[in-house]
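**Q** Dropping in upload_11.cif, which is mmCIF, C-alpha atoms (C1' of nucleotides):
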data_query
loop_
_atom_site.label_atom_id
_atom_site.label_comp_id
_atom_site.auth_asym_id
_atom_site.auth_seq_id
_atom_site.Cartn_x
_atom_site.Cartn_y
_atom_site.Cartn_z
CA MET A 1 -24.94 7.20 85.45
CA SER A 2 -21.22 7.96 85.17
CA ARG A 3 -19.43 9.72 82.36
CA ARG A 4 -20.81 10.46 78.92
CA SER A 5 -18.71 12.37 76.49
CA GLY A 6 -21.00 13.71 73.82
CA ILE A 7 -18.58 12.85 71.08
CA LEU A 8 -17.78 9.39 72.28
CA GLU A 9 -21.43 8.56 72.80
CA PHE A 10 -22.24 9.79 69.33
CA ALA A 11 -19.40 7.88 67.72
CA VAL A 12 -20.20 4.65 69.56
CA LEU A 13 -23.84 4.76 68.54
CA GLY A 14 -22.84 5.53 64.98
CA LEU A 15 -20.38 2.68 64.76
CA LEU A 16 -22.77 0.20 66.35
CA ARG A 17 -25.42 1.20 63.86
CA GLU A 18 -23.37 -0.49 61.19
CA SER A 19 -22.81 -3.68 63.17
CA PRO A 20 -22.61 -4.96 66.77
CA MET A 21 -19.15 -4.95 68.31
CA HIS A 22 -17.38 -5.43 71.60
CA GLY A 23 -15.49 -2.69 73.41
CA TYR A 24 -11.99 -3.54 72.33
CA GLU A 25 -12.89 -3.63 68.66
CA LEU A 26 -14.93 -0.44 69.01
CA ARG A 27 -11.93 1.37 70.37
CA LYS A 28 -9.73 0.38 67.48
CA ARG A 29 -12.29 1.58 64.97
CA LEU A 30 -12.59 4.91 66.76
CA ASN A 31 -8.88 5.49 66.19
CA THR A 32 -8.39 4.01 62.76
CA SER A 33 -11.46 3.67 60.59
CA LEU A 34 -12.86 6.95 61.75
CA GLY A 35 -9.36 8.32 61.84
CA VAL A 36 -10.47 11.55 63.31
CA PHE A 37 -10.89 10.85 66.95
CA ARG A 38 -8.15 10.92 69.48
CA ALA A 39 -7.51 7.60 71.19
CA PHE A 40 -10.17 7.30 73.85
CA SER A 41 -8.88 5.09 76.64
CA TYR A 42 -10.63 2.05 78.07
CA GLY A 43 -11.16 3.98 81.25
CA THR A 44 -13.41 6.25 79.20
CA LEU A 45 -14.91 3.77 76.80
CA TYR A 46 -16.13 1.01 79.10
CA PRO A 47 -17.96 3.22 81.61
CA CYS A 48 -19.51 5.02 78.64
CA LEU A 49 -20.79 1.73 77.24
CA LYS A 50 -22.30 0.80 80.60
CA SER A 51 -24.03 4.15 80.73
CA LEU A 52 -25.45 3.71 77.23
CA VAL A 53 -26.80 0.31 78.29
CA ALA A 54 -28.36 1.92 81.37
CA ASN A 55 -30.12 4.33 79.01
CA GLY A 56 -31.53 1.47 77.02
CA TRP A 57 -29.71 2.46 73.87
CA LEU A 58 -27.51 -0.61 73.82
CA VAL A 59 -27.88 -4.20 74.95
CA GLU A 60 -25.07 -6.48 76.01
CA GLU A 61 -24.80 -9.87 74.43
CA THR A 62 -22.48 -12.17 76.32
CA GLY A 63 -21.23 -14.58 73.69
CA SER A 64 -23.25 -15.77 70.73
CA ALA A 65 -23.53 -19.41 71.78
CA PRO A 66 -25.36 -20.28 75.01
CA GLU A 67 -22.31 -22.34 76.05
CA ASP A 68 -20.25 -19.23 76.36
CA ALA A 69 -22.54 -17.64 78.90
CA ARG A 70 -22.76 -20.86 80.86
CA ALA A 71 -19.02 -21.37 80.88
CA ALA A 72 -18.51 -17.77 81.88
CA SER A 73 -20.82 -17.91 84.85
CA MET A 74 -19.46 -21.30 85.92
CA ALA A 75 -15.80 -20.50 85.94
CA GLY A 76 -16.26 -16.85 86.83
CA ARG A 77 -14.39 -15.90 83.71
CA ARG A 78 -15.45 -12.97 81.62
CA ALA A 79 -16.69 -13.54 78.11
CA LYS A 80 -16.55 -11.04 75.28
CA ILE A 81 -19.38 -8.58 75.59
CA VAL A 82 -20.90 -7.66 72.28
CA TYR A 83 -22.94 -4.46 72.21
CA ARG A 84 -25.94 -4.14 69.93
CA LEU A 85 -27.90 -0.99 69.23
CA THR A 86 -31.54 -1.14 70.35
CA ALA A 87 -34.47 0.44 68.54
CA GLU A 88 -34.40 3.28 71.10
CA GLY A 89 -30.69 3.67 70.49
CA LYS A 90 -31.26 3.92 66.77
CA GLU A 91 -33.91 6.54 67.34
CA HIS A 92 -31.66 8.48 69.69
CA PHE A 93 -28.85 8.45 67.15
CA GLU A 94 -31.16 9.77 64.42
CA GLU A 95 -32.07 12.61 66.76
CA LEU A 96 -28.43 13.41 67.43
CA LEU A 97 -27.76 13.30 63.70
CA SER A 98 -30.49 15.76 62.76
CA HIS A 99 -29.90 18.13 65.65
CA THR A 100 -27.45 20.99 65.18
CA GLY A 101 -26.39 23.37 67.94
CA PRO A 102 -23.46 25.68 68.70
CA ASP A 103 -21.29 22.71 69.68
CA THR A 104 -21.74 21.15 66.25
CA TRP A 105 -19.24 23.48 64.61
CA GLU A 106 -16.49 22.88 67.13
CA ASP A 107 -13.36 21.08 65.86
CA GLU A 108 -13.96 17.65 67.30
CA HIS A 109 -17.73 17.67 67.10
CA PHE A 110 -17.51 18.63 63.48
CA ALA A 111 -15.13 15.81 62.66
CA ALA A 112 -17.44 13.35 64.37
CA ARG A 113 -20.43 14.68 62.45
CA PHE A 114 -18.58 14.51 59.18
CA ALA A 115 -17.56 10.91 59.82
CA PHE A 116 -21.24 9.93 59.77
CA PHE A 117 -22.32 12.09 56.86
CA GLY A 118 -23.13 8.94 54.95
CA GLN A 119 -26.07 8.40 57.30
CA THR A 120 -27.34 11.98 57.11
CA SER A 121 -29.79 13.83 54.88
CA ARG A 122 -28.43 16.44 52.53
CA ASP A 123 -29.96 19.45 54.29
CA VAL A 124 -28.36 18.42 57.57
CA ARG A 125 -25.04 18.03 55.78
CA MET A 126 -25.43 21.54 54.39
CA ARG A 127 -26.29 22.96 57.82
CA VAL A 128 -23.22 21.34 59.34
CA LEU A 129 -20.84 22.37 56.56
CA GLU A 130 -22.09 25.96 56.36
CA GLY A 131 -22.11 26.34 60.13
CA ARG A 132 -18.57 25.10 60.31
CA ARG A 133 -17.51 27.49 57.57
CA SER A 134 -18.99 30.55 59.24
CA ARG A 135 -17.42 29.61 62.54
CA LEU A 136 -14.03 29.35 60.83
CA GLU A 137 -14.59 32.68 59.12
CA GLU A 138 -15.28 34.30 62.48
CA ARG A 139 -12.09 32.78 63.78
CA LEU A 140 -10.19 34.19 60.81
CA GLU A 141 -11.63 37.63 61.44
CA LYS A 142 -10.39 37.58 65.02
CA MET A 143 -6.97 36.38 63.98
CA ARG A 144 -6.67 39.09 61.35
CA ALA A 145 -7.81 41.78 63.78
CA SER A 146 -5.43 40.64 66.48
CA LEU A 147 -2.58 40.41 63.99
CA ALA A 148 -3.24 43.95 62.75
CA ARG A 149 -3.16 45.26 66.32
CA THR A 150 0.00 43.52 67.46
CA ARG A 151 2.08 42.92 64.35
CA GLU A 152 4.93 45.31 65.24
CA ARG A 153 5.39 43.98 68.75
CA LEU A 154 5.86 40.37 67.69
CA ASP A 155 9.08 38.62 66.85
CA ASP A 156 9.46 36.71 63.59
CA TYR A 157 8.79 33.28 65.05
CA THR A 158 5.52 34.30 66.67
CA LEU A 159 4.55 35.99 63.45
CA GLU A 160 5.38 32.89 61.43
CA LEU A 161 3.33 30.75 63.81
CA GLN A 162 0.31 33.00 63.39
CA ARG A 163 0.75 33.14 59.63
CA HIS A 164 0.86 29.35 59.46
CA GLY A 165 -2.17 29.07 61.74
CA MET A 166 -4.21 31.42 59.59
CA GLU A 167 -3.19 29.65 56.43
CA SER A 168 -4.40 26.35 57.87
CA VAL A 169 -7.78 27.84 58.68
CA GLU A 170 -8.00 29.41 55.24
CA ARG A 171 -7.28 26.05 53.67
CA GLU A 172 -10.07 24.42 55.64
CA VAL A 173 -12.46 27.11 54.48
CA ARG A 174 -11.54 26.39 50.86
CA TRP A 175 -12.05 22.68 51.51
CA LEU A 176 -15.49 23.39 52.93
CA ASN A 177 -16.33 25.55 49.94
CA GLU A 178 -15.59 22.66 47.63
CA LEU A 179 -17.68 20.28 49.70
CA ILE A 180 -20.59 22.69 49.86
CA GLU A 181 -20.37 23.27 46.14
CA SER A 182 -20.33 19.55 45.59
CA GLU A 183 -23.40 19.04 47.76
CA ARG A 184 -25.20 21.85 46.00
CA ALA A 185 -24.41 20.46 42.59
CA GLY A 186 -26.02 17.25 43.74
CA ARG A 187 -22.93 15.28 42.97
CA ASP A 188 -23.70 13.12 45.94
CA LYS A 189 -20.70 11.46 47.49
CA ARG A 190 -22.67 8.37 48.36
CA THR A 191 -21.57 5.02 47.05
CA GLY A 192 -24.30 4.58 44.53
CA PRO A 193 -26.39 7.26 42.79
CA ASP A 194 -29.47 5.06 42.51
CA GLN A 195 -31.23 2.28 44.40
CA MET B 1 -0.10 23.21 95.67
CA SER B 2 -3.16 23.28 93.37
CA ARG B 3 -3.22 22.90 89.62
CA ARG B 4 -0.34 23.43 87.28
CA SER B 5 -0.80 22.88 83.59
CA GLY B 6 2.62 22.42 82.05
CA ILE B 7 1.75 24.51 79.04
CA LEU B 8 0.10 27.31 80.93
CA GLU B 9 2.96 27.51 83.40
CA PHE B 10 5.46 27.61 80.57
CA ALA B 11 3.56 30.28 78.65
CA VAL B 12 3.06 32.46 81.72
CA LEU B 13 6.74 32.38 82.61
CA GLY B 14 7.65 33.12 79.01
CA LEU B 15 5.32 36.08 78.74
CA LEU B 16 6.39 37.51 82.09
CA ARG B 17 10.02 37.26 80.99
CA GLU B 18 9.32 40.02 78.52
CA SER B 19 7.59 42.27 81.02
CA PRO B 20 5.57 42.12 84.27
CA MET B 21 1.83 41.88 83.86
CA HIS B 22 -1.35 41.27 85.80
CA GLY B 23 -3.59 38.25 85.31
CA TYR B 24 -6.22 39.76 83.10
CA GLU B 25 -3.69 41.14 80.65
CA LEU B 26 -1.78 37.88 80.69
CA ARG B 27 -4.86 36.01 79.68
CA LYS B 28 -5.52 38.23 76.69
CA ARG B 29 -1.97 37.82 75.47
CA LEU B 30 -2.24 34.05 75.77
CA ASN B 31 -5.17 34.10 73.38
CA THR B 32 -4.14 36.80 70.95
CA SER B 33 -0.45 37.63 70.79
CA LEU B 34 0.56 34.05 71.15
CA GLY B 35 -2.39 33.10 69.03
CA VAL B 36 -1.80 29.47 69.53
CA PHE B 37 -3.27 28.71 72.88
CA ARG B 38 -6.86 28.01 73.55
CA ALA B 39 -8.56 30.46 75.88
CA PHE B 40 -7.51 29.42 79.36
CA SER B 41 -10.17 30.53 81.81
CA TYR B 42 -9.59 32.61 84.93
CA GLY B 43 -10.45 29.59 87.00
CA THR B 44 -7.30 28.04 85.57
CA LEU B 45 -5.08 31.09 85.30
CA TYR B 46 -5.37 32.64 88.75
CA PRO B 47 -4.76 29.46 90.75
CA CYS B 48 -1.81 28.77 88.46
CA LEU B 49 -0.35 32.21 89.21
CA LYS B 50 -0.73 31.64 92.95
CA SER B 51 1.05 28.33 92.60
CA LEU B 52 3.91 29.92 90.67
CA VAL B 53 4.25 32.50 93.43
CA ALA B 54 4.31 29.72 96.03
CA ASN B 55 7.19 28.18 94.06
CA GLY B 56 9.11 31.42 94.24
CA TRP B 57 9.10 31.88 90.47
CA LEU B 58 6.91 34.97 90.56
CA VAL B 59 6.34 37.82 93.00
CA GLU B 60 3.15 39.81 93.36
CA GLU B 61 3.35 43.57 93.25
CA THR B 62 0.20 45.21 94.51
CA GLY B 63 0.15 48.55 92.69
CA SER B 64 3.22 50.54 91.77
CA ALA B 65 2.60 53.49 94.10
CA PRO B 66 2.52 52.90 97.89
CA GLU B 67 -0.83 54.73 98.02
CA ASP B 68 -2.48 51.96 96.10
CA ALA B 69 -1.53 49.32 98.61
CA ARG B 70 -2.60 51.53 101.49
CA ALA B 71 -5.93 52.36 99.90
CA ALA B 72 -6.48 48.73 99.10
CA SER B 73 -5.92 47.56 102.65
CA MET B 74 -7.95 50.44 104.11
CA ALA B 75 -11.08 50.11 102.04
CA GLY B 76 -10.77 46.35 101.62
CA ARG B 77 -10.77 46.80 97.86
CA ARG B 78 -8.56 44.75 95.68
CA ALA B 79 -5.85 46.41 93.67
CA LYS B 80 -4.40 45.16 90.44
CA ILE B 81 -1.81 42.50 91.10
CA VAL B 82 1.19 42.71 88.85
CA TYR B 83 3.30 39.59 88.56
CA ARG B 84 7.03 39.84 88.06
CA LEU B 85 9.42 37.00 87.25
CA THR B 86 12.04 36.34 89.93
CA ALA B 87 15.62 35.25 89.28
CA GLU B 88 14.61 31.69 90.21
CA GLY B 89 11.70 31.95 87.83
CA LYS B 90 13.98 33.06 85.04
CA GLU B 91 16.29 30.16 85.75
CA HIS B 92 13.40 27.72 85.82
CA PHE B 93 12.15 29.00 82.48
CA GLU B 94 15.60 28.57 80.91
CA GLU B 95 15.57 24.99 82.11
CA LEU B 96 12.14 24.37 80.61
CA LEU B 97 13.33 25.97 77.37
CA SER B 98 16.41 23.80 76.98
CA HIS B 99 14.76 20.57 78.09
CA THR B 100 13.15 18.39 75.44
CA GLY B 101 11.16 15.25 76.19
CA PRO B 102 8.48 13.15 74.51
CA ASP B 103 5.81 15.72 75.39
CA THR B 104 7.65 18.42 73.50
CA TRP B 105 6.48 17.18 70.11
CA GLU B 106 2.83 17.04 71.03
CA ASP B 107 0.52 19.50 69.24
CA GLU B 108 -0.01 22.01 72.00
CA HIS B 109 3.38 21.69 73.62
CA PHE B 110 5.01 22.23 70.27
CA ALA B 111 3.04 25.39 69.58
CA ALA B 112 4.00 26.74 72.99
CA ARG B 113 7.66 25.95 72.37
CA PHE B 114 7.56 27.56 68.97
CA ALA B 115 6.00 30.72 70.38
CA PHE B 116 9.14 31.26 72.46
CA PHE B 117 11.68 30.29 69.84
CA GLY B 118 13.00 33.83 69.95
CA GLN B 119 14.39 33.11 73.41
CA THR B 120 15.97 29.78 72.47
CA SER B 121 19.34 28.69 71.16
CA ARG B 122 19.54 27.34 67.65
CA ASP B 123 20.33 23.76 68.60
CA VAL B 124 17.27 23.60 70.84
CA ARG B 125 15.20 24.99 67.98
CA MET B 126 16.55 22.27 65.72
CA ARG B 127 15.80 19.55 68.28
CA VAL B 128 12.25 20.77 68.66
CA LEU B 129 11.60 21.13 64.93
CA GLU B 130 13.14 17.81 63.97
CA GLY B 131 11.42 16.00 66.82
CA ARG B 132 8.11 17.42 65.74
CA ARG B 133 8.73 16.40 62.17
CA SER B 134 9.54 12.81 62.99
CA ARG B 135 6.50 12.55 65.22
CA LEU B 136 4.33 13.80 62.36
CA GLU B 137 5.97 11.35 59.97
CA GLU B 138 5.15 8.50 62.33
CA ARG B 139 1.59 9.72 62.42
CA LEU B 140 1.48 9.77 58.63
CA GLU B 141 2.79 6.22 58.48
CA LYS B 142 0.01 5.01 60.75
CA MET B 143 -2.61 6.86 58.75
CA ARG B 144 -1.35 5.41 55.48
CA ALA B 145 -1.22 1.90 56.92
CA SER B 146 -4.72 2.15 58.37
CA LEU B 147 -6.04 3.59 55.12
CA ALA B 148 -4.49 0.77 53.09
CA ARG B 149 -6.13 -1.79 55.38
CA THR B 150 -9.63 -0.33 55.42
CA ARG B 151 -10.04 1.62 52.19
CA GLU B 152 -12.70 -0.63 50.66
CA ARG B 153 -14.91 -0.70 53.72
CA LEU B 154 -15.18 3.08 54.04
CA ASP B 155 -17.78 5.36 52.52
CA ASP B 156 -16.77 8.40 50.49
CA TYR B 157 -17.23 10.91 53.29
CA THR B 158 -15.03 9.01 55.72
CA LEU B 159 -12.46 8.60 52.98
CA GLU B 160 -12.55 12.32 52.19
CA LEU B 161 -12.11 13.15 55.87
CA GLN B 162 -9.05 10.93 56.11
CA ARG B 163 -7.62 12.30 52.89
CA HIS B 164 -8.01 15.86 54.16
CA GLY B 165 -6.50 14.92 57.51
CA MET B 166 -3.46 13.39 55.88
CA GLU B 167 -3.02 16.34 53.59
CA SER B 168 -2.98 18.68 56.59
CA VAL B 169 -0.27 16.66 58.27
CA GLU B 170 1.74 16.53 55.05
CA ARG B 171 1.49 20.30 54.78
CA GLU B 172 2.82 20.73 58.28
CA VAL B 173 5.76 18.47 57.45
CA ARG B 174 6.59 20.63 54.44
CA TRP B 175 6.35 23.74 56.64
CA LEU B 176 8.75 22.17 59.14
CA ASN B 177 11.13 21.25 56.32
CA GLU B 178 11.28 24.88 55.26
CA LEU B 179 11.88 26.05 58.82
CA ILE B 180 14.60 23.48 59.39
CA GLU B 181 16.23 24.41 56.12
CA SER B 182 16.06 28.03 57.10
CA GLU B 183 17.67 27.35 60.48
CA ARG B 184 20.36 25.28 58.86
CA ALA B 185 21.15 27.98 56.33
CA GLY B 186 21.68 30.30 59.26
CA ARG B 187 19.14 32.76 58.02
CA ASP B 188 18.23 33.48 61.61
CA LYS B 189 14.71 34.69 62.08
CA ARG B 190 15.64 36.91 64.98
CA THR B 191 14.88 40.60 64.85
CA GLY B 192 18.43 41.83 64.47
CA PRO B 193 21.43 39.93 63.16
CA ASP B 194 23.93 41.85 65.24
CA GLN B 195 24.16 43.49 68.65
"C1'" DA C 1 6.61 -22.37 77.93
"C1'" DA C 2 6.70 -17.66 77.23
"C1'" DT C 3 5.25 -13.54 75.11
"C1'" DT C 4 2.15 -10.78 72.80
"C1'" DT C 5 -2.30 -9.40 71.81
"C1'" DC C 6 -7.00 -9.58 73.09
"C1'" DA C 7 -10.37 -8.18 76.51
"C1'" DT C 8 -12.64 -5.92 80.56
"C1'" DG C 9 -12.76 -3.19 84.19
"C1'" DT C 10 -11.86 0.32 88.66
"C1'" DA C 11 -9.65 4.13 91.53
"C1'" DA C 12 -6.99 7.96 91.79
"C1'" DT C 13 -5.46 11.80 89.55
"C1'" DT C 14 -4.98 15.58 86.11
"C1'" DC C 15 -6.47 19.22 83.67
"C1'" DG C 16 -9.64 22.38 82.84
"C1'" DT C 17 -14.33 24.69 82.56
"C1'" DT C 18 -18.74 26.93 84.25
"C1'" DA C 19 -21.20 29.27 87.30
"C1'" DC C 20 -20.98 32.13 90.87
"C1'" DA C 21 -19.49 36.22 93.68
"C1'" DT C 22 -17.47 40.72 94.03
"C1'" DG C 23 -16.05 45.10 92.99
"C1'" DA C 24 -13.34 49.01 90.25
"C1'" DT C 25 -12.89 51.81 86.10
"C1'" DT C 26 -14.05 53.76 81.80
"C1'" DC C 27 -17.00 55.31 78.34
"C1'" DC C 28 -21.28 57.26 76.72
"C1'" DG D 1 -25.93 57.31 86.18
"C1'" DG D 2 -25.87 53.03 83.46
"C1'" DA D 3 -23.39 49.82 80.60
"C1'" DA D 4 -19.39 47.72 79.19
"C1'" DT D 5 -15.08 46.21 80.26
"C1'" DC D 6 -11.54 45.58 83.55
"C1'" DA D 7 -10.05 42.73 87.39
"C1'" DT D 8 -9.78 38.91 90.87
"C1'" DG D 9 -11.13 35.04 92.79
"C1'" DT D 10 -13.75 30.25 94.57
"C1'" DA D 11 -16.58 25.92 94.51
"C1'" DA D 12 -18.65 22.53 92.01
"C1'" DC D 13 -18.42 19.95 88.28
"C1'" DG D 14 -16.85 17.58 83.92
"C1'" DA D 15 -14.14 14.90 80.81
"C1'" DA D 16 -10.61 12.09 80.17
"C1'" DT D 17 -6.20 9.88 81.40
"C1'" DT D 18 -2.99 6.85 83.98
"C1'" DA D 19 -1.96 3.29 86.71
"C1'" DC D 20 -3.56 -0.64 88.43
"C1'" DA D 21 -5.74 -5.32 88.41
"C1'" DT D 22 -7.26 -9.41 86.08
"C1'" DG D 23 -7.39 -12.95 82.97
"C1'" DA D 24 -8.17 -15.47 78.14
"C1'" DA D 25 -6.45 -16.55 73.44
"C1'" DA D 26 -3.16 -16.74 69.92
"C1'" DT D 27 1.48 -16.95 68.34
"C1'" DT D 28 6.31 -18.09 68.42
#
Let me see the structure of the file written as structure tokens.
**A**
Amino acid sequence: MSRRSGILEFAVLGLLRESPMHGYELRKRLNTSLGVFRAFSYGTLYPCLKSLVANGWLVEETGSAPEDARAASMAGRRAKIVYRLTAEGKEHFEELLSHTGPDTWEDEHFAARFAFFGQTSRDVRMRVLEGRRSRLEERLEKMRASLARTRERLDDYTLELQRHGMESVEREVRWLNELIESERAGRDKRTGPDQ
Amino acid sequence: MSRRSGILEFAVLGLLRESPMHGYELRKRLNTSLGVFRAFSYGTLYPCLKSLVANGWLVEETGSAPEDARAASMAGRRAKIVYRLTAEGKEHFEELLSHTGPDTWEDEHFAARFAFFGQTSRDVRMRVLEGRRSRLEERLEKMRASLARTRERLDDYTLELQRHGMESVEREVRWLNELIESERAGRDKRTGPDQ
DNA sequence: AATTTCATGTAATTCGTTACATGATTCC
DNA sequence: GGAATCATGTAACGAATTACATGAAATT
């Protein structure tokens, strides 16, 4: 059943929900359109796709015209493989979307979740945003405590590094506060308010 | 020769340069004092220490008093193992400190380098800071280009995520600018200006 | 015609964690 | 004397990369 990175699996299903794609294109969109994800390599992506097919969440479509498939099998050449989300895949993705666990608030998981907020209900969005915020606040607490304990023993560079780190986390908390406020106010960030 | 993470190795040598320590203590300082590093597990740390010993960069000291060693061997109990940097280890660390390569500007590598800036010469500091800045500027360029290409096709959440991501990178560039300016002005961030 | 970009894959390797196993020391 | 924390390690596993291998299509 090979490798399945939770994040990659999630992102692939989410991207394929919008429209079928082949592996190469999928990879580009993971790095650019979704912006957030690090560049997953083909060595990760292709085995993952195979595994999702094995689970019945995707189907492979070898070329749109019947000719393509024929030509491919005849000459032994490989045709583009387009992946399409199955009904089971759609269902599975909905489940992943509505489920929130401890992992959800982690850096990369959170970014992946956020990238598909457009497909999520508002209460899930709130759960994800608030969970992320409290995790960051815990992190801040630890940083502050550790800084208070060790401040004197640290040189200026180390201190500056910690200060900058804390400031970054504080900024993300403020960003989350704005988003949460915005969700609460019902100023939905979806494309259209009605229909 | 087992596992050796470049960053962990570097950080361990750097911490032991200040004073000898045992593994458990070392691990805490990696997570707190240096603040930057993710929590390396014991399963990573201890094998790494053994490998550094095998390289001749560290020596193990089993208890400070001879009694400890005797008691340990008699009862079969393990004593605390304190690791001390050897002359070769010190030399190796200096080499790592002065060497800069493509890896140096990567997120985690950079943080590790910065954490030991106090032990570095100013021109190395400048190389590291300026290298980091230009890598971030490249990243910004790519983000801007990708955003310009795909803006229309993205929903508001994805857009907001990208906007926030870019803003974070821009902030780090400004931070680096200040640091570089500060280095240039000669306002050295070391503890004492003389002696 | 040659080069770049598109496109798919596999094997070996790297980096690191989790779960397990063990025991000493300190605090209450 | 029991719990928490200190302290050291190993084996199995996991996630992802790199290097390799192949070949089609588009561009110059």
**Q** Rounded to one decimal, what separation in Å do you get between atom CA of Pro102 of chain B and atom C1' of DT5 of chain C?
**A** 25.1 Å
**Q** Starting from the displayed file, determine the output of the PyMOL selection byres ((chain C and resi 16) around 12) and express the residue list as a ChimeraX atom specification.
**A** /B:3-5,8,38-45,47-48 /C:14-15,17-18 /D:13-16
**Q** Name all residues at most 9 Å from segment 25-28 of chain D (count all atoms listed in the file; drop same-chain ones fewer than 6 positions away) and give them as a PyMOL selection string.
**A** chain C and resi 2-6
**Q** Do me a favour and pick out the residues of chain D within 8 Å of chain B, using all atoms listed in the file, as an NGL selection string.
**A** :D and (6-9)
**Q** What does the file look like for those residues with C-alpha atoms (C1' of nucleotides), as a JSON list (two decimals), in the coordinates of the input?
**A**
[["chain", "number", "residue", "atom", "x", "y", "z"],
["D", 6, "DC", "C1'", -11.54, 45.58, 83.55],
["D", 7, "DA", "C1'", -10.05, 42.73, 87.39],
["D", 8, "DT", "C1'", -9.78, 38.91, 90.87],
["D", 9, "DG", "C1'", -11.13, 35.04, 92.79]]
**Q** On this structure, the PyMOL selection byres ((chain C) within 10 of (chain A)) would catch which residues? List them as a PyMOL selection string, sorted by chain and number.
**A** chain C and resi 6-10
**Q** If you keep C-alpha atoms (C1' of nucleotides), can you produce a file of those selected residues as a PDB file, in the coordinates of the input?
**A**
ATOM      1  C1'  DC C   6      -7.000  -9.580  73.090  1.00  0.00           C
ATOM      2  C1'  DA C   7     -10.370  -8.180  76.510  1.00  0.00           C
ATOM      3  C1'  DT C   8     -12.640  -5.920  80.560  1.00  0.00           C
ATOM      4  C1'  DG C   9     -12.760  -3.190  84.190  1.00  0.00           C
ATOM      5  C1'  DT C  10     -11.860   0.320  88.660  1.00  0.00           C
TER       6       DT C  10
END
**Q** Using all atoms listed in the file, find each residue in chain A having at least one atom no more than 10 Å away from chain B; report its shortest atom-to-atom pair and that distance in Å (one decimal), rows by chain then rising number, as a Markdown table.
**A**
| residue | atom | partner | partner_atom | distance |
| --- | --- | --- | --- | --- |
| A:Asn31 | CA | B:Ser146 | CA | 9.5 |
| A:Thr32 | CA | B:Ser146 | CA | 6.0 |
| A:Ser33 | CA | B:Thr150 | CA | 6.8 |
| A:Leu34 | CA | B:Thr158 | CA | 6.7 |
| A:Gly35 | CA | B:Gln162 | CA | 6.3 |
| A:Val36 | CA | B:Gln162 | CA | 7.4 |
| A:Ala111 | CA | B:Leu161 | CA | 7.9 |
| A:Ala112 | CA | B:Thr158 | CA | 10.0 |
| A:Phe114 | CA | B:Tyr157 | CA | 7.0 |
| A:Ala115 | CA | B:Thr158 | CA | 5.2 |
| A:Phe116 | CA | B:Thr158 | CA | 7.5 |
| A:Phe117 | CA | B:Tyr157 | CA | 6.3 |
| A:Gly118 | CA | B:Tyr157 | CA | 6.4 |
| A:Lys142 | CA | B:Thr32 | CA | 8.7 |
| A:Met143 | CA | B:Thr32 | CA | 7.5 |
| A:Ala145 | CA | B:Thr32 | CA | 9.5 |
| A:Ser146 | CA | B:Thr32 | CA | 6.0 |
| A:Leu147 | CA | B:Ser33 | CA | 7.6 |
| A:Arg149 | CA | B:Ser33 | CA | 9.2 |
| A:Thr150 | CA | B:Ser33 | CA | 6.8 |
| A:Arg151 | CA | B:Ser33 | CA | 8.7 |
| A:Arg153 | CA | B:Ser33 | CA | 8.9 |
| A:Leu154 | CA | B:Ser33 | CA | 7.5 |
| A:Asp155 | CA | B:Thr191 | CA | 6.4 |
| A:Asp156 | CA | B:Lys189 | CA | 5.8 |
| A:Tyr157 | CA | B:Phe117 | CA | 6.3 |
| A:Thr158 | CA | B:Ala115 | CA | 5.2 |
| A:Leu159 | CA | B:Ala115 | CA | 8.8 |
| A:Glu160 | CA | B:Ala115 | CA | 9.2 |
| A:Leu161 | CA | B:Ala115 | CA | 7.1 |
| A:Gln162 | CA | B:Gly35 | CA | 6.3 |
| A:Arg163 | CA | B:Gly35 | CA | 9.9 |
| A:His164 | CA | B:Trp175 | CA | 8.3 |
| A:Gly165 | CA | B:Val36 | CA | 7.8 |
| A:Met166 | CA | B:Gly35 | CA | 9.8 |
| A:Ser168 | CA | B:Ser168 | CA | 7.9 |
| A:Arg171 | CA | B:Ser168 | CA | 9.0 |
| A:Glu172 | CA | B:His164 | CA | 8.9 |
| A:Trp175 | CA | B:His164 | CA | 8.4 |
| A:Leu179 | CA | B:Glu160 | CA | 9.8 |
| A:Asp188 | CA | B:Asp156 | CA | 9.5 |
| A:Lys189 | CA | B:Asp156 | CA | 5.8 |
| A:Arg190 | CA | B:Asp156 | CA | 6.3 |
| A:Thr191 | CA | B:Asp155 | CA | 6.7 |
**Q** Please report the interatomic distance between atom CA of Glu60 of chain A and atom CA of Arg84 of chain A in Å with one decimal.
**A**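 If I compute the distance from atom CA of Glu60 of chain A to atom CA of Arg84 of chain A, I get 6.6 Å.
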**Q** Please indicate the distance in Å from atom CA of Leu30 of chain B to atom CA of Gly6 of chain A, rounded to one decimal place.
**A**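 A separation of 27.7 Å between them.
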**Q** Would you mind telling me which residue in B:Thr120, B:Ser19, B:Thr86, B:Ser182 lies nearest to Asn55 of chain B when using all atoms listed in the file?
**A** B:Thr86
